[in-house]
Amino acid sequence: MKDIKELKSIASQVRRDIIRQVAAVKSGHPGASLGCTDFFTVMYFNIMDHDKSFNMDGKNEDMFFLSNGHISPVWYSTLARAGYFPVDELATFRKLNSRLQGHPATHEGLPGIRVASGSLGQGISVAAGVAMAKKLDGDDKAVFVLTGDGELQEGQIWEALMFAAHNKVDNLIAVVDWNGQQIDGSNDDVLSLGDMEGKWSSFGWDVLHMDGHDYEDLLSTLSKAKENTGNGKPQVILMKTSMGKGVDFMEGTHHWHGKAPNEEQTATALSQLEETLGDY
Amino acid sequence: MMLENFEIKDKKATRDGFGKAMLDLGHKNDQVIAMCADLTGSLKLNAFEKDFPTRFIQAGISEANMIGMAAGLATAGKIPFATTFANFATGRVYDQIRQSVAYSHKNVKICASHAGLTLGEDGATHQILEDLGMMKMLPGMTVINPCDYNQVISATHAIAEIDGPVYLRFGRPSWPVFMPEDGFEIGKAIMMQPGTDVTIIATGHMVYHAMEAVKILKSAHSIDAELINIHTIKPLDEQAILNSVTKTGAVVTAEEHQRHGGLGDSVAQVLAQYLPSPQEYVAVNDSFGESGTPAQLLDKYGLGIQDVVNAAVKAMERKK
């Protein structure tokens with residue numbers, strides 16, 4: 001377990017890793033990666049009981065699934081910094097013959113990844129399947145899945161929500177990266193999500209709220225959700241984040257959803273992020 | 001083996017074989033999970049559901065979610081059999097299968113009933129004729145299309161034993177039963193009648209039509225046709241095809257599927273590379289089906305017994 005100061009220190013390095021991965025190949029998705037950095041750090045360094053030696057079936061471990069696979073840079077950095085694979089491998093992101101594919105994949109055998117994601121809307125279903133298996137096996141650990149907010153426009157999401165509530169998949173915790181942005185603009189401009197809490201609760205889920213950049217809130221809400229498993233209902237945490245968090249010129253806009261910074265912008269971004277654990 | 005060894009004992013639906021095999025598998029292996037999307041009766045899973053209620057997952061009319069959950073169950077070590085009609089098990093959920101199952105190499109068995117024209121009266125919305133093509137294009141996907149009740153039973157048991165994604169296709173109608181329950185091996189074609197003049201390679205329901213065609217070719221045309229039953233579309237038993245066509249010099253493929261992308265194309269690919277030979281297709285020719293009885297539809301869309309006969313005669317003529 002880390003204290004908040006240590007967690008913030010790790011997160012600063014993860015943010016540097018994100019910028020450096022994306023800048024090196026002039027492609028990738030920095031915006032929501034930066035926005036979810038605090039969440040990933042707290043999850044892998046404090047919240048989840050997990051084994052960095054990595055077992056695909058995750059028996060007797062808390063398990064995490066990433067539905068919005070395009071934010072792979074934050075996941076790769078967190079996994080590497082948590083000891084799943086060598087930190088130096090981050091330098092191979094999106095390059096030929098790499099295990100760090102543009103979107104996460106199992107095909108190359110990268111430890112920490114259990115299913116491919118990228119085509120949106122599939123992660124809650126996969127996590128629900130894993131959660132059902134855990135229940136059949138009498139394994140009381142939790143299954144987490146992160147989705148984007150724009151991703152909720154996919155119909156499969158709502159199929160999964162209906163299923164999980166009807167079948168009391170109460171070891172399943174979905175987290176929505178609610179930054180309000182998607183590729184073409186704000187959610188409200190593209191296709192409004194409407195009453196988020198009302199939608200989830202009317203589908204039979206317990207709804208929690210969380211500030212995705214407030215460490216005390218992250219720690220207490222995620223712990224609470226874990227404690228609440230087994231209560232007959234799946235849970236969702238609506239996590240407010242700011243896209244591009246930590247780099248001033250990237251923050252709060254959809255413009256950095258899938259765009260890499262140039263050399264000068266990279267230098268500016270890195271100057272705002274302290275190197276705490278050593279760059280790869 | 002000779003055709004005389006494949007005596008028609010009975011008529012049963014291939015999907016009934018699936019239901020029987022699933023019940024047996026349920027007893028044999030407690031990791032086996034049956035999933036269905038509101039078609040439990042049609043897939044003949046009622047007995048499984050009754051005996052193993054916790055290992056039966058009713059997904060509702062939500063096929064995309066069912067496939068995603070199957071990938072999750074497999075990740076956690078289960079052996080999920082995700083079942084529905086072939087139309088909804090493939091085209092409707094192609095992206096889910098592609099990303100969460102095939103690319104992620106999950107041990108998911110996609111088992112699909114009511115494939116092809118023999119679905120009958122429900123018509124073209126439900127008569128998928130493109131599924132074998134879609135599924136065989138996915139890297140790492142095993143694709144199996146058994147021909148009768150018994151072969152579905154042996155195929156269902158066989159796919160539970162291998163690690164990796166599988167598409168198993170069967171159908172709705174009552175159909176002649178002639179295969180033994182043993183002797184099934186994934187990827188291994190079955191010689192049903194040796195011959196010297198023309199090779200007929202058939203899959204699924206069309207194996208029966210090909211058997212009848214072989215008899216007519218002998219009696220009415222003095223053509224000595226060889227019949228190969230190809231249940232595994234992928235990986236294809238290339239050696240069996242090459243051995244046969246080396247001997248006969250001509251081939252007919254017969255399948256309840258579009259000619260674009262089906263078994264015929266797979267066979268043509270092998271022959272084009274190693275042994276270019278005259279080939280005739282018995283398959284649906286770039287068309288949707290319609291309502292009708294299975295027999296009427298097979299006849300109208302060129303998949304009747306006489307169509308196989310005519311194709312064999314034509315392939316023979318092209319040898320000259």
# chains A, B, ... in the order shown; residues from 1 in each chain; ligands from 1
>>> closest_atom_pairs(of="chain B", to="chain A", cutoff="8 Å", atoms="only C-alpha atoms", output="CSV")
residue,atom,partner,partner_atom,distance
B:Thr54,CA,A:Leu136,CA,7.5
B:Ala59,CA,A:Phe163,CA,6.7
B:Gly60,CA,A:Phe163,CA,7.9
B:Ser62,CA,A:Glu159,CA,5.8
B:Ala64,CA,A:Gln156,CA,6.1
B:Asn65,CA,A:Ser125,CA,5.3
B:Met66,CA,A:Ser125,CA,7.4
B:Ile67,CA,A:Ser125,CA,7.9
B:Gly68,CA,A:Val126,CA,4.6
B:Met69,CA,A:Gly129,CA,3.9
B:Ala70,CA,A:Gly129,CA,6.1
B:Ala71,CA,A:Val126,CA,5.8
B:Gly72,CA,A:Gly129,CA,4.2
B:Leu73,CA,A:Gly129,CA,4.7
B:Ala74,CA,A:Val130,CA,7.8
B:Thr75,CA,A:Asp57,CA,5.4
B:Ala76,CA,A:Asp57,CA,4.2
B:Gly77,CA,A:Asp57,CA,5.9
B:Lys78,CA,A:Ala133,CA,7.0
B:Asp95,CA,A:Ser119,CA,7.8
B:Gln96,CA,A:Gln122,CA,7.0
B:Gln99,CA,A:Ala116,CA,6.0
B:Ser100,CA,A:Ala116,CA,5.9
B:Tyr103,CA,A:His107,CA,6.7
B:Ser104,CA,A:Val115,CA,5.4
B:His105,CA,A:His107,CA,7.4
>>> write_last_selection(atoms="N, CA and C atoms", output="tab-separated table (two decimals), in the first residue's frame")
chain	number	residue	atom	x	y	z
B	54	THR	N	-27.01	-23.80	-13.00
B	54	THR	CA	-26.02	-22.74	-12.76
B	54	THR	C	-25.01	-22.64	-13.91
B	59	ALA	N	-28.82	-15.45	-22.04
B	59	ALA	CA	-28.36	-14.08	-22.32
B	59	ALA	C	-29.50	-13.16	-22.74
B	60	GLY	N	-30.66	-13.74	-23.05
B	60	GLY	CA	-31.70	-12.91	-23.63
B	60	GLY	C	-31.35	-12.58	-25.08
B	62	SER	N	-29.64	-10.80	-26.86
B	62	SER	CA	-28.48	-9.91	-26.75
B	62	SER	C	-27.24	-10.68	-27.17
B	64	ALA	N	-24.59	-9.91	-28.96
B	64	ALA	CA	-23.28	-9.28	-28.82
B	64	ALA	C	-22.77	-9.46	-27.39
B	65	ASN	N	-23.66	-9.24	-26.43
B	65	ASN	CA	-23.27	-9.43	-25.04
B	65	ASN	C	-22.93	-10.88	-24.75
B	66	MET	N	-23.68	-11.79	-25.35
B	66	MET	CA	-23.41	-13.21	-25.14
B	66	MET	C	-22.00	-13.58	-25.60
B	67	ILE	N	-21.60	-13.09	-26.76
B	67	ILE	CA	-20.26	-13.42	-27.27
B	67	ILE	C	-19.19	-12.80	-26.37
B	68	GLY	N	-19.41	-11.56	-25.95
B	68	GLY	CA	-18.46	-10.92	-25.05
B	68	GLY	C	-18.34	-11.68	-23.74
B	69	MET	N	-19.47	-12.10	-23.19
B	69	MET	CA	-19.43	-12.85	-21.93
B	69	MET	C	-18.74	-14.19	-22.12
B	70	ALA	N	-18.95	-14.80	-23.28
B	70	ALA	CA	-18.28	-16.07	-23.55
B	70	ALA	C	-16.76	-15.88	-23.52
B	71	ALA	N	-16.30	-14.77	-24.09
B	71	ALA	CA	-14.86	-14.48	-24.05
B	71	ALA	C	-14.39	-14.34	-22.61
B	72	GLY	N	-15.21	-13.71	-21.78
B	72	GLY	CA	-14.86	-13.55	-20.36
B	72	GLY	C	-14.84	-14.88	-19.63
B	73	LEU	N	-15.85	-15.69	-19.86
B	73	LEU	CA	-15.91	-17.01	-19.21
B	73	LEU	C	-14.69	-17.85	-19.59
B	74	ALA	N	-14.31	-17.78	-20.86
B	74	ALA	CA	-13.16	-18.55	-21.32
B	74	ALA	C	-11.87	-18.01	-20.69
B	75	THR	N	-11.79	-16.70	-20.54
B	75	THR	CA	-10.62	-16.09	-19.90
B	75	THR	C	-10.42	-16.68	-18.50
B	76	ALA	N	-11.54	-16.90	-17.81
B	76	ALA	CA	-11.48	-17.41	-16.44
B	76	ALA	C	-11.41	-18.93	-16.39
B	77	GLY	N	-11.24	-19.58	-17.54
B	77	GLY	CA	-11.00	-21.02	-17.55
B	77	GLY	C	-12.20	-21.90	-17.88
B	78	LYS	N	-13.35	-21.28	-18.11
B	78	LYS	CA	-14.53	-22.07	-18.47
B	78	LYS	C	-14.49	-22.42	-19.97
B	95	ASP	N	-17.94	-8.52	-35.26
B	95	ASP	CA	-16.88	-7.72	-34.63
B	95	ASP	C	-16.56	-8.24	-33.23
B	96	GLN	N	-17.60	-8.64	-32.50
B	96	GLN	CA	-17.37	-9.19	-31.16
B	96	GLN	C	-16.55	-10.48	-31.26
B	99	GLN	N	-12.77	-9.55	-32.37
B	99	GLN	CA	-11.87	-8.92	-31.38
B	99	GLN	C	-11.78	-9.71	-30.07
B	100	SER	N	-12.95	-10.02	-29.48
B	100	SER	CA	-12.93	-10.59	-28.14
B	100	SER	C	-12.67	-12.10	-28.15
B	103	TYR	N	-9.21	-12.85	-32.18
B	103	TYR	CA	-7.93	-12.15	-31.99
B	103	TYR	C	-7.39	-12.40	-30.58
B	104	SER	N	-8.29	-12.54	-29.62
B	104	SER	CA	-7.86	-12.78	-28.24
B	104	SER	C	-7.66	-14.27	-27.96
B	105	HIS	N	-7.85	-15.09	-28.97
B	105	HIS	CA	-7.68	-16.55	-28.90
B	105	HIS	C	-8.35	-17.15	-27.66
>>> residues_around(residues="Ala213 in chain B", least_positions_apart="3", cutoff="7 Å", atoms="only C-alpha atoms", output="list in words")
His209, Ala210, Ile216, Leu217, Ile305, Gln306, Val308 and Val309 of chain B
>>> residues_around(residues="Val166 in chain B", least_positions_apart="5", cutoff="10 Å", atoms="only C-alpha atoms", output="PDB file with C-alpha atoms, in the first residue's frame")
ATOM      1  CA  PHE B  81     -20.696 -22.919 -25.792  1.00  0.00           C
ATOM      2  CA  VAL B 101     -12.807 -14.223 -29.306  1.00  0.00           C
ATOM      3  CA  ALA B 102     -10.621 -14.822 -32.369  1.00  0.00           C
ATOM      4  CA  LYS B 106     -10.410 -17.475 -26.440  1.00  0.00           C
ATOM      5  CA  ASN B 107     -11.608 -21.019 -25.959  1.00  0.00           C
ATOM      6  CA  VAL B 108     -15.141 -20.160 -27.066  1.00  0.00           C
ATOM      7  CA  LYS B 109     -17.327 -22.587 -28.989  1.00  0.00           C
ATOM      8  CA  ILE B 110     -19.828 -20.754 -31.173  1.00  0.00           C
ATOM      9  CA  CYS B 111     -22.531 -23.286 -31.955  1.00  0.00           C
ATOM     10  CA  MET B 135     -15.885 -17.538 -39.955  1.00  0.00           C
ATOM     11  CA  LYS B 136     -13.165 -19.233 -41.981  1.00  0.00           C
ATOM     12  CA  GLY B 140      -7.206 -19.257 -35.792  1.00  0.00           C
ATOM     13  CA  MET B 141     -10.896 -20.109 -36.099  1.00  0.00           C
ATOM     14  CA  THR B 142     -11.776 -23.780 -36.532  1.00  0.00           C
ATOM     15  CA  VAL B 143     -14.889 -24.176 -38.689  1.00  0.00           C
ATOM     16  CA  ILE B 144     -16.944 -27.377 -38.644  1.00  0.00           C
ATOM     17  CA  ILE B 159     -14.479 -29.353 -30.038  1.00  0.00           C
ATOM     18  CA  ALA B 160     -14.696 -29.454 -26.245  1.00  0.00           C
ATOM     19  CA  LYS B 234     -10.958 -25.091 -41.605  1.00  0.00           C
TER      20      LYS B 234
END
>>> residues_around(residues="Ile18 in chain A", least_positions_apart="5", cutoff="9 Å", atoms="only C-alpha atoms", output="PyMOL selection string")
chain A and resi 13+23+29-30+33-34+73-74+76-77
>>> residues_around(residues="Phe85 in chain A", least_positions_apart="5", cutoff="8 Å", atoms="only C-alpha atoms", output="ChimeraX atom specification")
/A:79-80,110-111
>>> closest_atom_pairs(of="range 121-230 of chain B", to="range 5-8 of chain B", cutoff="12 Å", atoms="only C-alpha atoms", output="Markdown table")
| residue | atom | partner | partner_atom | distance |
| --- | --- | --- | --- | --- |
| B:Asp148 | CA | B:Ile8 | CA | 10.5 |
| B:Tyr149 | CA | B:Ile8 | CA | 11.5 |
| B:Asn150 | CA | B:Ile8 | CA | 11.5 |
| B:Trp175 | CA | B:Ile8 | CA | 9.9 |
| B:Pro176 | CA | B:Ile8 | CA | 6.1 |
| B:Val177 | CA | B:Ile8 | CA | 5.5 |
| B:Phe178 | CA | B:Ile8 | CA | 4.5 |
| B:Met179 | CA | B:Phe6 | CA | 6.0 |
| B:Pro180 | CA | B:Phe6 | CA | 7.8 |
| B:Glu181 | CA | B:Phe6 | CA | 11.5 |
| B:Ile190 | CA | B:Phe6 | CA | 11.5 |
| B:Met191 | CA | B:Phe6 | CA | 10.9 |
| B:Met192 | CA | B:Phe6 | CA | 7.7 |
| B:Gln193 | CA | B:Asn5 | CA | 9.2 |
| B:Val207 | CA | B:Phe6 | CA | 11.3 |
| B:Tyr208 | CA | B:Ile8 | CA | 9.5 |
| B:Met211 | CA | B:Phe6 | CA | 9.2 |
| B:Glu212 | CA | B:Ile8 | CA | 11.1 |
| B:Leu227 | CA | B:Phe6 | CA | 11.9 |
| B:Asn229 | CA | B:Phe6 | CA | 11.7 |
>>> residues_around(residues="range 142-153 of chain A", least_positions_apart="5", cutoff="9 Å", atoms="only C-alpha atoms", output="PyMOL selection string")
chain A and resi 32+48+61-69+120-121+123-124+126-128+130-131+134+158+170-183+186-187+190-193+226+229
>>> residues_around(residues="range 288-294 of chain B", least_positions_apart="4", cutoff="8 Å", atoms="only C-alpha atoms", output="PyMOL selection string")
chain B and resi 117-124+127+129+173+298+301
>>> write_last_selection(atoms="N, CA and C atoms", output="PDB file, in the first residue's frame")
ATOM      1  N   LEU B 117     -30.468 -22.712 -46.211  1.00  0.00           N
ATOM      2  CA  LEU B 117     -31.815 -22.705 -46.787  1.00  0.00           C
ATOM      3  C   LEU B 117     -32.779 -23.618 -46.034  1.00  0.00           C
ATOM      4  N   THR B 118     -32.250 -24.710 -45.461  1.00  0.00           N
ATOM      5  CA  THR B 118     -33.112 -25.721 -44.839  1.00  0.00           C
ATOM      6  C   THR B 118     -33.775 -25.215 -43.559  1.00  0.00           C
ATOM      7  N   LEU B 119     -33.468 -23.992 -43.157  1.00  0.00           N
ATOM      8  CA  LEU B 119     -34.270 -23.349 -42.115  1.00  0.00           C
ATOM      9  C   LEU B 119     -35.728 -23.290 -42.569  1.00  0.00           C
ATOM     10  N   GLY B 120     -35.908 -23.110 -43.890  1.00  0.00           N
ATOM     11  CA  GLY B 120     -37.240 -23.232 -44.461  1.00  0.00           C
ATOM     12  C   GLY B 120     -38.091 -21.981 -44.421  1.00  0.00           C
ATOM     13  N   GLU B 121     -39.263 -22.126 -43.857  1.00  0.00           N
ATOM     14  CA  GLU B 121     -40.338 -21.147 -44.032  1.00  0.00           C
ATOM     15  C   GLU B 121     -40.049 -19.765 -43.449  1.00  0.00           C
ATOM     16  N   ASP B 122     -39.153 -19.660 -42.492  1.00  0.00           N
ATOM     17  CA  ASP B 122     -38.846 -18.337 -41.930  1.00  0.00           C
ATOM     18  C   ASP B 122     -38.261 -17.382 -42.969  1.00  0.00           C
ATOM     19  N   GLY B 123     -37.671 -17.929 -44.005  1.00  0.00           N
ATOM     20  CA  GLY B 123     -37.236 -17.078 -45.107  1.00  0.00           C
ATOM     21  C   GLY B 123     -35.829 -16.512 -44.982  1.00  0.00           C
ATOM     22  N   ALA B 124     -35.518 -15.627 -45.929  1.00  0.00           N
ATOM     23  CA  ALA B 124     -34.137 -15.193 -46.149  1.00  0.00           C
ATOM     24  C   ALA B 124     -33.534 -14.407 -44.989  1.00  0.00           C
ATOM     25  N   GLN B 127     -32.032 -17.213 -43.123  1.00  0.00           N
ATOM     26  CA  GLN B 127     -31.296 -18.276 -43.826  1.00  0.00           C
ATOM     27  C   GLN B 127     -29.882 -17.818 -44.151  1.00  0.00           C
ATOM     28  N   LEU B 129     -26.307 -17.763 -45.446  1.00  0.00           N
ATOM     29  CA  LEU B 129     -25.569 -18.553 -46.437  1.00  0.00           C
ATOM     30  C   LEU B 129     -24.145 -18.008 -46.591  1.00  0.00           C
ATOM     31  N   PRO B 173     -33.783 -28.938 -39.933  1.00  0.00           N
ATOM     32  CA  PRO B 173     -34.731 -29.966 -40.368  1.00  0.00           C
ATOM     33  C   PRO B 173     -34.353 -31.379 -39.929  1.00  0.00           C
ATOM     34  N   LEU B 298     -34.015 -26.240 -51.544  1.00  0.00           N
ATOM     35  CA  LEU B 298     -32.784 -26.855 -52.051  1.00  0.00           C
ATOM     36  C   LEU B 298     -32.911 -27.080 -53.555  1.00  0.00           C
ATOM     37  N   TYR B 301     -32.877 -23.556 -55.489  1.00  0.00           N
ATOM     38  CA  TYR B 301     -31.601 -22.820 -55.488  1.00  0.00           C
ATOM     39  C   TYR B 301     -30.422 -23.668 -55.971  1.00  0.00           C
TER      40      TYR B 301
END
>>> select_by_dssp(residues="range 47-217 of chain A", states="strand (DSSP E or B)", output="list in words")
Met63, Phe64, Phe65, Leu66, Val143, Phe144, Val145, Leu146, Thr147, Gly148, Leu172, Ile173, Ala174, Val175, Val176, Asp177, Trp178, Gln181, Gln182, Gly185, Ser186, Asp206, Val207, Leu208, His209, Met210 and Asp211 of chain A
>>> select_by_dssp(residues="range 9-204 of chain A", states="alpha helix (DSSP H)", output="PyMOL selection string")
chain A and resi 9-25+30-35+37-42+72-81+123-136+155-166+187-190+196-202
>>> atom_distance(atom1="CA of Pro278 in chain B", atom2="CA of Lys320 in chain B")
10.0 Å
>>> atom_distance(atom1="CA of Glu255 in chain B", atom2="CA of Leu25 in chain B")
28.4 Å
>>> closest_residue(among="A:Leu218, A:Ala260, A:Ile4, A:Leu270", to="Asp248 in chain A", atoms="only C-alpha atoms")
A:Leu270
>>> atom_distance(atom1="CA of Gly171 in chain B", atom2="CA of Ala34 in chain B")
17.9 Å
